[in-house]
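So the structure is just underneath, and the comments pick up after that.
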Amino acid sequence: MKKVFLCLIITLCLFGCQTKPTTEEILRTQTEHFLELTDTLPVMPEDLFDDAKTLEERTALAEDWAAQLQDYLSPVMTDQAIEAFVANRMPEGFNRFLGFEEATQTQDCRQISNVEKLSGGDYDVTVTYTADEQTVKLLLNFKETADGWRITSLRRR
């Protein structure tokens with residue numbers, strides 16, 4: 001009986017001692033996921049700028065594209081962040097937002113360089129891009145939501 005009790009205690013201790021990922025590890029994973037998504041963002045339809053299309057047709061194309069981006073980015077960003085991302089930055093392309101040519105492959109020239117906790121409980125994650133003899137920092141602000149950690153804003157430094 002003592003052996004069974006001892007085995008039970010050891011088993012419970014082993015299950016209880018499993019380490020959960022730290023907030024920093026979770027944020028790094030979310031950041032990597034976001035960066036992977038930006039590599040393959042749905043492209044804005046070319047027909048959106050076709051003068052032969054009616055305003056209603058172009059509006060429908062824009063709304064469809066925005067809905068695709070919403071679905072695509074929702075695992076890593078809040079709805080408000082996605083709306084701002086689409087409205088303010090995406091028409092020019094993500095590489096252009098970073099200051100690189102569209103053809104530049106940024107996957108191999110980026111690294112998560114800093115994870116910093118802010119006073120309000122949010123976190124800033126800095127991604128450093130170095131390409132074409134140029135260094136650009138992308139700052140992602142994360143907030144914990146009911147769905148987990150999500151990007152609430154991003155800006156170029």
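Within each chain, counting starts at residue 1; across the structure tokens, chains are named A, B, ... in the order shown, with ligands numbered 1 upward in that order.
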Give me every alpha helix (DSSP H) residue in chain A, going by DSSP on the backbone, as a short mmCIF file (atom, residue, chain, number, x, y, z; two decimals) with N, CA, C and O atoms, in the first residue's frame.
data_model
loop_
_atom_site.label_atom_id
_atom_site.label_comp_id
_atom_site.auth_asym_id
_atom_site.auth_seq_id
_atom_site.Cartn_x
_atom_site.Cartn_y
_atom_site.Cartn_z
N LYS A 2 1.97 1.22 0.74
CA LYS A 2 2.85 2.38 0.78
C LYS A 2 3.48 2.63 -0.59
O LYS A 2 3.65 3.78 -0.99
N LYS A 3 3.79 1.55 -1.33
CA LYS A 3 4.38 1.70 -2.66
C LYS A 3 3.39 2.36 -3.61
O LYS A 3 3.76 3.23 -4.39
N VAL A 4 2.13 1.97 -3.54
CA VAL A 4 1.10 2.55 -4.41
C VAL A 4 0.93 4.03 -4.08
O VAL A 4 0.85 4.88 -4.97
N PHE A 5 0.89 4.34 -2.79
CA PHE A 5 0.75 5.73 -2.36
C PHE A 5 1.94 6.57 -2.81
O PHE A 5 1.78 7.69 -3.30
N LEU A 6 3.15 6.01 -2.67
CA LEU A 6 4.36 6.70 -3.09
C LEU A 6 4.36 6.93 -4.60
O LEU A 6 4.68 8.02 -5.07
N CYS A 7 3.96 5.91 -5.36
CA CYS A 7 3.89 6.05 -6.83
C CYS A 7 2.86 7.11 -7.22
O CYS A 7 3.07 7.88 -8.14
N LEU A 8 1.73 7.14 -6.51
CA LEU A 8 0.70 8.13 -6.79
C LEU A 8 1.22 9.54 -6.52
O LEU A 8 1.01 10.45 -7.32
N ILE A 9 1.92 9.73 -5.44
CA ILE A 9 2.47 11.05 -5.11
C ILE A 9 3.51 11.47 -6.15
O ILE A 9 3.49 12.61 -6.62
N ILE A 10 4.37 10.56 -6.55
CA ILE A 10 5.39 10.89 -7.56
C ILE A 10 4.72 11.25 -8.88
O ILE A 10 5.09 12.23 -9.52
N THR A 11 3.71 10.48 -9.27
CA THR A 11 3.00 10.75 -10.52
C THR A 11 2.33 12.13 -10.47
O THR A 11 2.41 12.91 -11.42
N LEU A 12 1.66 12.43 -9.37
CA LEU A 12 1.01 13.74 -9.24
C LEU A 12 2.03 14.87 -9.27
O LEU A 12 1.78 15.92 -9.86
N CYS A 13 3.17 14.67 -8.65
CA CYS A 13 4.21 15.69 -8.66
C CYS A 13 4.73 15.91 -10.08
O CYS A 13 4.96 17.04 -10.49
N LEU A 14 4.91 14.83 -10.83
CA LEU A 14 5.40 14.96 -12.20
C LEU A 14 4.41 15.71 -13.07
O LEU A 14 4.79 16.56 -13.87
N PHE A 15 3.12 15.41 -12.91
CA PHE A 15 2.12 16.13 -13.69
C PHE A 15 2.04 17.59 -13.27
O PHE A 15 1.86 18.48 -14.08
N GLY A 16 2.17 17.85 -11.99
CA GLY A 16 2.10 19.21 -11.48
C GLY A 16 3.32 20.04 -11.81
O GLY A 16 3.27 21.26 -11.82
N THR A 23 5.24 33.87 -20.69
CA THR A 23 4.60 34.88 -21.53
C THR A 23 5.52 35.28 -22.67
O THR A 23 5.08 35.43 -23.82
N GLU A 24 6.80 35.41 -22.40
CA GLU A 24 7.75 35.77 -23.45
C GLU A 24 7.77 34.71 -24.55
O GLU A 24 7.79 35.06 -25.74
N GLU A 25 7.75 33.44 -24.19
CA GLU A 25 7.74 32.37 -25.20
C GLU A 25 6.46 32.42 -26.02
O GLU A 25 6.49 32.25 -27.25
N ILE A 26 5.34 32.66 -25.36
CA ILE A 26 4.06 32.76 -26.07
C ILE A 26 4.09 33.93 -27.06
O ILE A 26 3.68 33.79 -28.22
N LEU A 27 4.61 35.07 -26.62
CA LEU A 27 4.66 36.25 -27.49
C LEU A 27 5.62 36.04 -28.65
O LEU A 27 5.35 36.48 -29.78
N ARG A 28 6.73 35.39 -28.41
CA ARG A 28 7.66 35.09 -29.51
C ARG A 28 6.99 34.17 -30.53
O ARG A 28 7.12 34.38 -31.74
N THR A 29 6.24 33.19 -30.05
CA THR A 29 5.53 32.27 -30.95
C THR A 29 4.47 33.02 -31.75
O THR A 29 4.35 32.82 -32.97
N GLN A 30 3.70 33.88 -31.07
CA GLN A 30 2.68 34.67 -31.76
C GLN A 30 3.32 35.60 -32.80
O GLN A 30 2.78 35.79 -33.89
N THR A 31 4.45 36.18 -32.45
CA THR A 31 5.15 37.06 -33.38
C THR A 31 5.63 36.29 -34.60
O THR A 31 5.45 36.74 -35.74
N GLU A 32 6.20 35.11 -34.38
CA GLU A 32 6.64 34.28 -35.51
C GLU A 32 5.46 33.93 -36.40
O GLU A 32 5.56 33.97 -37.63
N HIS A 33 4.33 33.60 -35.78
CA HIS A 33 3.13 33.28 -36.55
C HIS A 33 2.68 34.49 -37.38
O HIS A 33 2.37 34.36 -38.57
N PHE A 34 2.67 35.67 -36.78
CA PHE A 34 2.31 36.89 -37.50
C PHE A 34 3.26 37.12 -38.68
O PHE A 34 2.82 37.43 -39.79
N LEU A 35 4.56 36.96 -38.45
CA LEU A 35 5.54 37.17 -39.52
C LEU A 35 5.35 36.18 -40.66
O LEU A 35 5.46 36.54 -41.83
N GLU A 36 5.05 34.94 -40.32
CA GLU A 36 4.77 33.94 -41.36
C GLU A 36 3.53 34.34 -42.16
O GLU A 36 3.49 34.18 -43.38
N LEU A 37 2.52 34.84 -41.47
CA LEU A 37 1.31 35.27 -42.16
C LEU A 37 1.58 36.45 -43.09
O LEU A 37 1.02 36.52 -44.19
N THR A 38 2.42 37.39 -42.67
CA THR A 38 2.71 38.55 -43.52
C THR A 38 3.46 38.14 -44.79
O THR A 38 3.41 38.86 -45.78
N ASP A 39 4.14 37.00 -44.73
CA ASP A 39 4.85 36.52 -45.93
C ASP A 39 3.88 36.06 -47.02
O ASP A 39 4.24 36.01 -48.19
N LEU A 55 -18.30 51.51 -59.16
CA LEU A 55 -17.96 51.76 -57.77
C LEU A 55 -18.46 50.61 -56.88
O LEU A 55 -17.76 50.18 -55.96
N GLU A 56 -19.65 50.11 -57.16
CA GLU A 56 -20.21 49.00 -56.37
C GLU A 56 -19.35 47.74 -56.51
O GLU A 56 -19.11 47.03 -55.52
N GLU A 57 -18.89 47.47 -57.73
CA GLU A 57 -18.03 46.29 -57.96
C GLU A 57 -16.71 46.43 -57.22
O GLU A 57 -16.23 45.48 -56.58
N ARG A 58 -16.11 47.61 -57.30
CA ARG A 58 -14.84 47.83 -56.60
C ARG A 58 -15.02 47.79 -55.09
O ARG A 58 -14.17 47.26 -54.38
N THR A 59 -16.13 48.33 -54.61
CA THR A 59 -16.42 48.27 -53.17
C THR A 59 -16.57 46.83 -52.71
O THR A 59 -16.04 46.43 -51.66
N ALA A 60 -17.27 46.03 -53.51
CA ALA A 60 -17.45 44.60 -53.17
C ALA A 60 -16.11 43.88 -53.15
O ALA A 60 -15.85 43.06 -52.26
N LEU A 61 -15.23 44.18 -54.11
CA LEU A 61 -13.89 43.57 -54.14
C LEU A 61 -13.08 43.97 -52.90
O LEU A 61 -12.42 43.13 -52.29
N ALA A 62 -13.15 45.24 -52.54
CA ALA A 62 -12.41 45.73 -51.38
C ALA A 62 -12.93 45.09 -50.09
O ALA A 62 -12.15 44.68 -49.23
N GLU A 63 -14.25 44.98 -49.98
CA GLU A 63 -14.83 44.36 -48.79
C GLU A 63 -14.47 42.88 -48.70
O GLU A 63 -14.19 42.36 -47.61
N ASP A 64 -14.48 42.20 -49.83
CA ASP A 64 -14.11 40.78 -49.86
C ASP A 64 -12.65 40.60 -49.45
O ASP A 64 -12.32 39.71 -48.65
N TRP A 65 -11.79 41.45 -49.98
CA TRP A 65 -10.36 41.37 -49.65
C TRP A 65 -10.13 41.66 -48.17
O TRP A 65 -9.39 40.97 -47.48
N ALA A 66 -10.83 42.67 -47.63
CA ALA A 66 -10.71 43.01 -46.21
C ALA A 66 -11.20 41.85 -45.34
O ALA A 66 -10.60 41.54 -44.30
N ALA A 67 -12.26 41.18 -45.76
CA ALA A 67 -12.78 40.02 -45.01
C ALA A 67 -11.77 38.86 -45.03
O ALA A 67 -11.59 38.17 -44.02
N GLN A 68 -11.10 38.67 -46.17
CA GLN A 68 -10.06 37.64 -46.25
C GLN A 68 -8.93 37.94 -45.27
O GLN A 68 -8.46 37.05 -44.56
N LEU A 69 -8.51 39.19 -45.25
CA LEU A 69 -7.44 39.58 -44.32
C LEU A 69 -7.89 39.43 -42.87
O LEU A 69 -7.11 39.00 -42.01
N GLN A 70 -9.13 39.78 -42.60
CA GLN A 70 -9.67 39.64 -41.24
C GLN A 70 -9.58 38.18 -40.79
O GLN A 70 -9.09 37.89 -39.70
N ASP A 71 -10.05 37.27 -41.62
CA ASP A 71 -9.99 35.84 -41.29
C ASP A 71 -8.55 35.37 -41.16
O ASP A 71 -8.23 34.56 -40.29
N TYR A 72 -7.71 35.86 -42.02
CA TYR A 72 -6.32 35.42 -42.09
C TYR A 72 -5.51 35.86 -40.87
O TYR A 72 -4.71 35.10 -40.33
N LEU A 73 -5.75 37.09 -40.41
CA LEU A 73 -4.94 37.65 -39.32
C LEU A 73 -5.57 37.53 -37.93
O LEU A 73 -4.90 37.79 -36.93
N ASP A 79 -9.42 42.70 -33.77
CA ASP A 79 -10.18 43.23 -34.90
C ASP A 79 -9.82 44.67 -35.21
O ASP A 79 -9.65 45.05 -36.37
N GLN A 80 -9.68 45.49 -34.17
CA GLN A 80 -9.31 46.89 -34.38
C GLN A 80 -7.93 47.02 -35.02
O GLN A 80 -7.72 47.87 -35.89
N ALA A 81 -6.99 46.20 -34.59
CA ALA A 81 -5.64 46.25 -35.16
C ALA A 81 -5.67 45.84 -36.64
O ALA A 81 -4.98 46.45 -37.46
N ILE A 82 -6.49 44.86 -36.97
CA ILE A 82 -6.58 44.43 -38.37
C ILE A 82 -7.18 45.54 -39.21
O ILE A 82 -6.70 45.83 -40.30
N GLU A 83 -8.24 46.17 -38.71
CA GLU A 83 -8.86 47.26 -39.46
C GLU A 83 -7.86 48.39 -39.72
O GLU A 83 -7.79 48.91 -40.84
N ALA A 84 -7.09 48.76 -38.71
CA ALA A 84 -6.09 49.82 -38.89
C ALA A 84 -4.99 49.36 -39.84
O ALA A 84 -4.52 50.13 -40.68
N PHE A 85 -4.59 48.12 -39.72
CA PHE A 85 -3.55 47.54 -40.57
C PHE A 85 -3.98 47.60 -42.03
O PHE A 85 -3.22 48.03 -42.89
N VAL A 86 -5.21 47.20 -42.30
CA VAL A 86 -5.73 47.19 -43.68
C VAL A 86 -5.90 48.62 -44.18
O VAL A 86 -5.45 48.96 -45.27
N ALA A 87 -6.52 49.47 -43.38
CA ALA A 87 -6.83 50.83 -43.83
C ALA A 87 -5.59 51.69 -44.04
O ALA A 87 -5.52 52.46 -44.99
N ASN A 88 -4.62 51.55 -43.18
CA ASN A 88 -3.48 52.47 -43.21
C ASN A 88 -2.24 51.94 -43.92
O ASN A 88 -1.40 52.74 -44.32
N PHE A 94 3.20 45.05 -47.48
CA PHE A 94 3.90 44.98 -46.19
C PHE A 94 5.37 45.34 -46.34
O PHE A 94 5.93 46.05 -45.51
N ASN A 95 6.03 44.87 -47.40
CA ASN A 95 7.44 45.21 -47.59
C ASN A 95 7.62 46.72 -47.77
O ASN A 95 8.56 47.31 -47.26
N ARG A 96 6.72 47.33 -48.50
CA ARG A 96 6.79 48.78 -48.70
C ARG A 96 6.59 49.50 -47.36
O ARG A 96 7.23 50.51 -47.09
N PHE A 97 5.68 48.99 -46.54
CA PHE A 97 5.47 49.57 -45.22
C PHE A 97 6.78 49.53 -44.42
O PHE A 97 7.11 50.47 -43.71
N LEU A 98 7.53 48.45 -44.58
CA LEU A 98 8.80 48.33 -43.87
C LEU A 98 9.90 49.18 -44.50
O LEU A 98 10.92 49.43 -43.88
#
Residues near Gly120 in chain A, anyone? I mean within 12 Å using only C-alpha atoms, not counting same-chain ones fewer than 5 positions away, as a ChimeraX atom specification. /A:141-144
Kindly save the residues from that selection, with all heavy atoms included, as a short mmCIF file (atom, residue, chain, number, x, y, z; two decimals), in the first residue's frame.
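Everything below was put into part37.cif:
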data_model
loop_
_atom_site.label_atom_id
_atom_site.label_comp_id
_atom_site.auth_asym_id
_atom_site.auth_seq_id
_atom_site.Cartn_x
_atom_site.Cartn_y
_atom_site.Cartn_z
N ASN A 141 2.66 45.72 -30.48
CA ASN A 141 2.14 45.84 -29.12
C ASN A 141 1.13 44.72 -28.90
O ASN A 141 0.19 44.57 -29.68
CB ASN A 141 1.46 47.20 -28.91
CG ASN A 141 0.91 47.33 -27.52
OD1 ASN A 141 -0.28 47.16 -27.30
ND2 ASN A 141 1.77 47.62 -26.56
N PHE A 142 1.33 43.93 -27.85
CA PHE A 142 0.46 42.80 -27.51
C PHE A 142 -0.34 43.11 -26.25
O PHE A 142 0.17 43.71 -25.32
CB PHE A 142 1.28 41.54 -27.24
CG PHE A 142 1.74 40.83 -28.47
CD1 PHE A 142 2.94 41.20 -29.08
CD2 PHE A 142 1.02 39.79 -29.00
CE1 PHE A 142 3.38 40.53 -30.21
CE2 PHE A 142 1.45 39.12 -30.13
CZ PHE A 142 2.64 39.49 -30.73
N LYS A 143 -1.58 42.65 -26.25
CA LYS A 143 -2.45 42.75 -25.08
C LYS A 143 -3.10 41.38 -24.90
O LYS A 143 -3.43 40.71 -25.87
CB LYS A 143 -3.52 43.81 -25.31
CG LYS A 143 -4.41 44.07 -24.10
CD LYS A 143 -5.42 45.16 -24.40
CE LYS A 143 -4.79 46.50 -24.54
NZ LYS A 143 -4.72 47.36 -23.42
N GLU A 144 -3.28 40.99 -23.64
CA GLU A 144 -3.94 39.72 -23.38
C GLU A 144 -5.44 39.92 -23.50
O GLU A 144 -6.02 40.82 -22.88
CB GLU A 144 -3.57 39.18 -21.99
CG GLU A 144 -4.03 37.75 -21.80
CD GLU A 144 -3.43 37.11 -20.57
OE1 GLU A 144 -2.99 37.83 -19.65
OE2 GLU A 144 -3.40 35.88 -20.53
#
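Distance annotation: of A:Thr106, A:Asn114, A:Ser74, A:Thr145, the residue with the minimal separation from Tyr129 in chain A is A:Thr106; atom set is only C-alpha atoms.
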Would you list, as a PyMOL selection string, the residues of chain A that end up in strand (DSSP E or B) under DSSP run on this structure's backbone? chain A and resi 77+110-117+123-131+134-145+148-156
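With distances restricted to only C-alpha atoms, A:Thr104 is the closest residue to Asp132 in chain A from A:Thr78, A:Thr54, A:Thr104, A:Thr22.
If only C-alpha atoms are the atoms counted, then among A:Gln134, A:Thr40, A:Thr128, A:Thr19 the closest residue to Val115 in chain A is A:Thr128.
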Please provide the set of residues having any atom within 10 Å of Val136 in chain A, restricted to only C-alpha atoms, with same-chain residues fewer than 5 positions apart removed, written as a PyMOL selection string. chain A and resi 98-100+110+127-131+156-157
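Nearest residue to Cys109 in chain A, choosing from A:Thr135, A:Gly148, A:Asp124, A:Pro42 and counting only C-alpha atoms: A:Thr135.
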